[in-house]
file final_27.cif (mmCIF, C-alpha atoms)
data_upload
loop_
_atom_site.group_PDB
_atom_site.id
_atom_site.type_symbol
_atom_site.label_atom_id
_atom_site.label_comp_id
_atom_site.auth_asym_id
_atom_site.auth_seq_id
_atom_site.Cartn_x
_atom_site.Cartn_y
_atom_site.Cartn_z
ATOM 1 C CA MET V 1 -5.645 12.533 6.924
ATOM 2 C CA THR V 2 -5.807 8.914 8.032
ATOM 3 C CA GLN V 3 -9.293 7.590 8.705
ATOM 4 C CA GLN V 4 -10.391 4.546 10.666
ATOM 5 C CA GLY V 5 -12.570 2.319 8.509
ATOM 6 C CA SER V 6 -15.450 0.303 9.905
ATOM 7 C CA SER V 7 -13.002 -2.574 10.334
ATOM 8 C CA GLY V 8 -10.769 -0.401 12.529
ATOM 9 C CA ILE V 9 -8.007 -0.491 9.888
ATOM 10 C CA PRO V 10 -6.441 2.919 9.209
ATOM 11 C CA GLY V 11 -6.987 3.997 5.612
ATOM 12 C CA ILE V 12 -6.472 6.885 3.221
ATOM 13 C CA ASP V 13 -7.715 7.633 -0.274
ATOM 14 C CA VAL V 14 -5.427 7.556 -3.299
ATOM 15 C CA ALA V 15 -5.069 11.347 -3.451
ATOM 16 C CA GLU V 16 -3.681 11.408 0.097
ATOM 17 C CA ALA V 17 -1.428 8.430 -0.690
ATOM 18 C CA ALA V 18 -0.015 10.240 -3.738
ATOM 19 C CA THR V 19 0.613 13.331 -1.612
ATOM 20 C CA ARG V 20 2.469 11.310 1.022
ATOM 21 C CA LEU V 21 4.555 9.581 -1.642
ATOM 22 C CA SER V 22 5.531 12.815 -3.391
ATOM 23 C CA GLY V 23 7.196 14.351 -0.340
ATOM 24 C CA ALA V 24 10.793 15.506 -0.510
ATOM 25 C CA ASN V 25 11.680 13.362 2.515
ATOM 26 C CA PRO V 26 13.861 10.476 1.268
ATOM 27 C CA GLN V 27 12.660 8.406 4.240
ATOM 28 C CA GLY V 28 9.031 9.271 3.561
ATOM 29 C CA ALA V 29 6.242 6.797 2.956
ATOM 30 C CA LEU V 30 6.908 3.505 1.203
ATOM 31 C CA LEU V 31 4.176 2.123 -1.058
ATOM 32 C CA VAL V 32 3.869 -1.664 -0.798
ATOM 33 C CA ASP V 33 1.850 -3.386 -3.527
ATOM 34 C CA VAL V 34 0.538 -6.750 -2.304
ATOM 35 C CA ARG V 35 -1.086 -7.883 -5.554
ATOM 36 C CA GLU V 36 0.092 -11.078 -7.225
ATOM 37 C CA ASP V 37 2.785 -11.098 -9.935
ATOM 38 C CA ALA V 38 0.350 -11.372 -12.862
ATOM 39 C CA GLU V 39 -1.576 -8.328 -11.638
ATOM 40 C CA LEU V 40 1.616 -6.318 -11.277
ATOM 41 C CA VAL V 41 2.609 -6.982 -14.892
ATOM 42 C CA GLU V 42 -0.654 -5.423 -16.097
ATOM 43 C CA VAL V 43 -0.355 -2.132 -14.190
ATOM 44 C CA ARG V 44 1.645 -0.812 -11.251
ATOM 45 C CA VAL V 45 2.609 2.376 -9.457
ATOM 46 C CA PRO V 46 6.166 3.463 -10.324
ATOM 47 C CA GLY V 47 8.563 2.927 -7.439
ATOM 48 C CA ALA V 48 6.271 0.690 -5.380
ATOM 49 C CA THR V 49 7.750 -2.224 -3.465
ATOM 50 C CA HIS V 50 6.117 -5.532 -4.383
ATOM 51 C CA ILE V 51 5.418 -8.340 -1.922
ATOM 52 C CA ALA V 52 2.592 -10.591 -3.115
ATOM 53 C CA THR V 53 -0.108 -11.462 -0.589
ATOM 54 C CA SER V 54 0.470 -15.177 -1.247
ATOM 55 C CA GLY V 55 3.991 -14.947 0.200
ATOM 56 C CA PHE V 56 3.541 -11.981 2.475
ATOM 57 C CA MET V 57 3.871 -13.660 5.855
ATOM 58 C CA GLU V 58 7.247 -15.122 4.864
ATOM 59 C CA ARG V 59 8.547 -11.764 3.588
ATOM 60 C CA ALA V 60 6.981 -9.238 5.976
ATOM 61 C CA ALA V 61 10.217 -8.921 7.958
ATOM 62 C CA GLU V 62 11.811 -7.272 4.881
ATOM 63 C CA LEU V 63 9.687 -4.168 5.501
ATOM 64 C CA PRO V 64 11.076 -1.360 7.655
ATOM 65 C CA LYS V 65 9.437 -0.632 10.995
ATOM 66 C CA ASP V 66 10.824 2.917 11.131
ATOM 67 C CA ARG V 67 9.084 4.192 8.010
ATOM 68 C CA SER V 68 5.465 4.905 7.066
ATOM 69 C CA LEU V 69 4.024 2.050 4.982
ATOM 70 C CA LEU V 70 1.136 2.516 2.555
ATOM 71 C CA ILE V 71 -0.347 -0.844 1.571
ATOM 72 C CA MET V 72 -2.098 -1.228 -1.805
ATOM 73 C CA CYS V 73 -3.828 -4.025 -3.719
ATOM 74 C CA ALA V 74 -6.396 -3.967 -6.524
ATOM 75 C CA THR V 75 -9.362 -2.536 -4.594
ATOM 76 C CA GLY V 76 -8.311 -2.280 -0.941
ATOM 77 C CA VAL V 77 -9.582 -5.584 0.449
ATOM 78 C CA ARG V 78 -6.353 -7.615 0.523
ATOM 79 C CA SER V 79 -4.347 -4.552 1.516
ATOM 80 C CA ALA V 80 -6.673 -3.963 4.493
ATOM 81 C CA ALA V 81 -5.992 -7.526 5.658
ATOM 82 C CA VAL V 82 -2.226 -7.031 5.227
ATOM 83 C CA THR V 83 -2.392 -3.684 7.052
ATOM 84 C CA GLY V 84 -4.128 -5.384 9.978
ATOM 85 C CA PHE V 85 -1.565 -8.191 9.985
ATOM 86 C CA LEU V 86 1.331 -5.716 10.094
ATOM 87 C CA LEU V 87 -0.241 -3.668 12.884
ATOM 88 C CA ARG V 88 -0.786 -6.837 14.945
ATOM 89 C CA SER V 89 2.818 -7.880 14.221
ATOM 90 C CA GLY V 90 4.564 -4.806 15.615
ATOM 91 C CA TRP V 91 4.551 -2.230 12.830
ATOM 92 C CA THR V 92 3.032 1.042 14.025
ATOM 93 C CA ASP V 93 2.812 3.327 10.974
ATOM 94 C CA VAL V 94 0.840 1.298 8.415
ATOM 95 C CA THR V 95 -2.098 2.557 6.350
ATOM 96 C CA ASN V 96 -4.367 0.916 3.797
ATOM 97 C CA VAL V 97 -4.748 2.692 0.434
ATOM 98 C CA GLU V 98 -8.514 2.445 -0.027
ATOM 99 C CA GLY V 99 -9.707 1.652 -3.529
ATOM 100 C CA GLY V 100 -6.272 0.309 -4.502
ATOM 101 C CA ILE V 101 -4.836 0.479 -7.995
ATOM 102 C CA VAL V 102 -8.336 0.704 -9.472
ATOM 103 C CA ALA V 103 -8.979 4.011 -7.675
ATOM 104 C CA TRP V 104 -5.393 5.135 -8.371
ATOM 105 C CA GLN V 105 -5.962 4.761 -12.118
ATOM 106 C CA ARG V 106 -9.421 6.389 -11.984
ATOM 107 C CA ALA V 107 -7.818 9.397 -10.298
ATOM 108 C CA GLY V 108 -5.388 9.736 -13.212
ATOM 109 C CA LEU V 109 -2.327 9.106 -11.058
ATOM 110 C CA PRO V 110 0.854 7.784 -12.721
ATOM 111 C CA VAL V 111 1.126 4.090 -13.582
ATOM 112 C CA GLU V 112 3.422 1.821 -15.563
ATOM 113 C CA ARG V 113 2.213 -1.014 -17.784
ATOM 114 C CA GLY V 114 3.808 -4.139 -19.201
#
call {"tool": "encode", "arguments": {"input": "final_27.cif", "output": "structure tokens"}}
result
Amino acid sequence: MTQQGSSGIPGIDVAEAATRLSGANPQGALLVDVREDAELVEVRVPGATHIATSGFMERAAELPKDRSLLIMCATGVRSAAVTGFLLRSGWTDVTNVEGGIVAWQRAGLPVERG
């Protein structure tokens, strides 16, 4: 279930994000990792779309507006800012993954390295 954080940004925990991503719906949620390239090389969620925060404003239009977007960074701070930006820019189904890749790994969810 999506929660409203104190900042008013909708957010979910990593367990809920994993559930939404594992659905059989081919047009289900899309995970967008907004960490920088060097961070992505270290560890990433398989199948995530990558658009670094540093170039996000220039590339935001590449994201679909007709699909649920789950935004992730390292701990949830940058992704909350990106989620807010997208919501202010016309996307309607955007949610921050709270705790980011750090929480994802702590929960034992699948990652790729290297």
call {"tool": "resolve_selection", "arguments": {"input": "final_27.cif", "expression": "the PyMOL selection byres ((chain V and resi 102) around 12)", "output": "PyMOL selection string"}}
result
chain V and resi 13-14+35+39+42-45+72-77+97-101+103-109+111
call {"tool": "closest_residue", "arguments": {"input": "final_27.cif", "among": "V:Gly90, V:Gly84, V:Gly28, V:Pro110", "to": "Leu69 in chain V", "atoms": "only C-alpha atoms"}}
result
V:Gly28
call {"tool": "residues_near_point", "arguments": {"input": "final_27.cif", "point": "(8.6, 1.3, 7.6)", "cutoff": "9 Å", "atoms": "only C-alpha atoms", "output": "JSON, numbers by chain"}}
result
{"V": [27, 28, 29, 30, 63, 64, 65, 66, 67, 68, 69, 91, 92, 93, 94]}
call {"tool": "residues_around", "arguments": {"input": "final_27.cif", "residues": "Val34 in chain V", "least_positions_apart": "5", "cutoff": "9 Å", "atoms": "all atoms listed in the file", "output": "PyMOL selection string"}}
result
chain V and resi 49-54+56+71-74+78-79+82
call {"tool": "closest_residue", "arguments": {"input": "final_27.cif", "among": "V:Gly8, V:Ala15, V:Arg113, V:Thr83", "to": "Met57 in chain V", "atoms": "only C-alpha atoms"}}
result
V:Thr83
call {"tool": "build_atoms", "arguments": {"input": "final_27.cif", "residues": "range 31-52 of chain V", "atoms": "N, CA and C atoms", "output": "PDB file, in the coordinates of the input"}}
result
ATOM      1  N   LEU V  31       5.364   2.789  -0.532  1.00  0.00           N
ATOM      2  CA  LEU V  31       4.176   2.123  -1.058  1.00  0.00           C
ATOM      3  C   LEU V  31       4.498   0.651  -1.272  1.00  0.00           C
ATOM      4  N   VAL V  32       3.677  -0.219  -0.680  1.00  0.00           N
ATOM      5  CA  VAL V  32       3.869  -1.664  -0.798  1.00  0.00           C
ATOM      6  C   VAL V  32       2.659  -2.243  -1.533  1.00  0.00           C
ATOM      7  N   ASP V  33       2.906  -2.784  -2.706  1.00  0.00           N
ATOM      8  CA  ASP V  33       1.850  -3.386  -3.527  1.00  0.00           C
ATOM      9  C   ASP V  33       1.803  -4.871  -3.202  1.00  0.00           C
ATOM     10  N   VAL V  34       0.657  -5.350  -2.724  1.00  0.00           N
ATOM     11  CA  VAL V  34       0.538  -6.750  -2.304  1.00  0.00           C
ATOM     12  C   VAL V  34      -0.220  -7.607  -3.317  1.00  0.00           C
ATOM     13  N   ARG V  35      -0.422  -7.087  -4.517  1.00  0.00           N
ATOM     14  CA  ARG V  35      -1.086  -7.883  -5.554  1.00  0.00           C
ATOM     15  C   ARG V  35      -0.139  -8.985  -6.031  1.00  0.00           C
ATOM     16  N   GLU V  36      -0.698  -9.961  -6.711  1.00  0.00           N
ATOM     17  CA  GLU V  36       0.092 -11.078  -7.225  1.00  0.00           C
ATOM     18  C   GLU V  36       0.874 -10.650  -8.470  1.00  0.00           C
ATOM     19  N   ASP V  37       1.889 -11.439  -8.830  1.00  0.00           N
ATOM     20  CA  ASP V  37       2.785 -11.098  -9.935  1.00  0.00           C
ATOM     21  C   ASP V  37       2.054 -10.775 -11.234  1.00  0.00           C
ATOM     22  N   ALA V  38       1.070 -11.585 -11.603  1.00  0.00           N
ATOM     23  CA  ALA V  38       0.350 -11.372 -12.862  1.00  0.00           C
ATOM     24  C   ALA V  38      -0.372 -10.030 -12.865  1.00  0.00           C
ATOM     25  N   GLU V  39      -0.895  -9.622 -11.730  1.00  0.00           N
ATOM     26  CA  GLU V  39      -1.576  -8.328 -11.638  1.00  0.00           C
ATOM     27  C   GLU V  39      -0.582  -7.182 -11.804  1.00  0.00           C
ATOM     28  N   LEU V  40       0.592  -7.354 -11.239  1.00  0.00           N
ATOM     29  CA  LEU V  40       1.616  -6.318 -11.277  1.00  0.00           C
ATOM     30  C   LEU V  40       2.106  -6.063 -12.698  1.00  0.00           C
ATOM     31  N   VAL V  41       2.170  -7.119 -13.502  1.00  0.00           N
ATOM     32  CA  VAL V  41       2.609  -6.982 -14.892  1.00  0.00           C
ATOM     33  C   VAL V  41       1.645  -6.092 -15.674  1.00  0.00           C
ATOM     34  N   GLU V  42       0.349  -6.209 -15.379  1.00  0.00           N
ATOM     35  CA  GLU V  42      -0.654  -5.423 -16.097  1.00  0.00           C
ATOM     36  C   GLU V  42      -0.513  -3.932 -15.837  1.00  0.00           C
ATOM     37  N   VAL V  43      -0.450  -3.548 -14.555  1.00  0.00           N
ATOM     38  CA  VAL V  43      -0.355  -2.132 -14.190  1.00  0.00           C
ATOM     39  C   VAL V  43       0.207  -2.019 -12.777  1.00  0.00           C
ATOM     40  N   ARG V  44       1.039  -1.009 -12.567  1.00  0.00           N
ATOM     41  CA  ARG V  44       1.645  -0.812 -11.251  1.00  0.00           C
ATOM     42  C   ARG V  44       1.995   0.658 -11.046  1.00  0.00           C
ATOM     43  N   VAL V  45       2.188   1.021  -9.798  1.00  0.00           N
ATOM     44  CA  VAL V  45       2.609   2.376  -9.457  1.00  0.00           C
ATOM     45  C   VAL V  45       4.139   2.421  -9.517  1.00  0.00           C
ATOM     46  N   PRO V  46       4.707   3.377 -10.249  1.00  0.00           N
ATOM     47  CA  PRO V  46       6.166   3.463 -10.324  1.00  0.00           C
ATOM     48  C   PRO V  46       6.784   3.596  -8.927  1.00  0.00           C
ATOM     49  N   GLY V  47       7.832   2.829  -8.688  1.00  0.00           N
ATOM     50  CA  GLY V  47       8.563   2.927  -7.439  1.00  0.00           C
ATOM     51  C   GLY V  47       8.000   2.127  -6.272  1.00  0.00           C
ATOM     52  N   ALA V  48       6.870   1.469  -6.470  1.00  0.00           N
ATOM     53  CA  ALA V  48       6.271   0.690  -5.380  1.00  0.00           C
ATOM     54  C   ALA V  48       7.099  -0.563  -5.112  1.00  0.00           C
ATOM     55  N   THR V  49       7.140  -0.962  -3.857  1.00  0.00           N
ATOM     56  CA  THR V  49       7.750  -2.224  -3.465  1.00  0.00           C
ATOM     57  C   THR V  49       6.691  -3.305  -3.628  1.00  0.00           C
ATOM     58  N   HIS V  50       7.098  -4.459  -4.146  1.00  0.00           N
ATOM     59  CA  HIS V  50       6.117  -5.532  -4.383  1.00  0.00           C
ATOM     60  C   HIS V  50       6.398  -6.724  -3.480  1.00  0.00           C
ATOM     61  N   ILE V  51       5.402  -7.089  -2.679  1.00  0.00           N
ATOM     62  CA  ILE V  51       5.418  -8.340  -1.922  1.00  0.00           C
ATOM     63  C   ILE V  51       4.018  -8.931  -2.064  1.00  0.00           C
ATOM     64  N   ALA V  52       3.895  -9.991  -2.841  1.00  0.00           N
ATOM     65  CA  ALA V  52       2.592 -10.591  -3.115  1.00  0.00           C
ATOM     66  C   ALA V  52       1.946 -11.112  -1.835  1.00  0.00           C
TER      67      ALA V  52
END
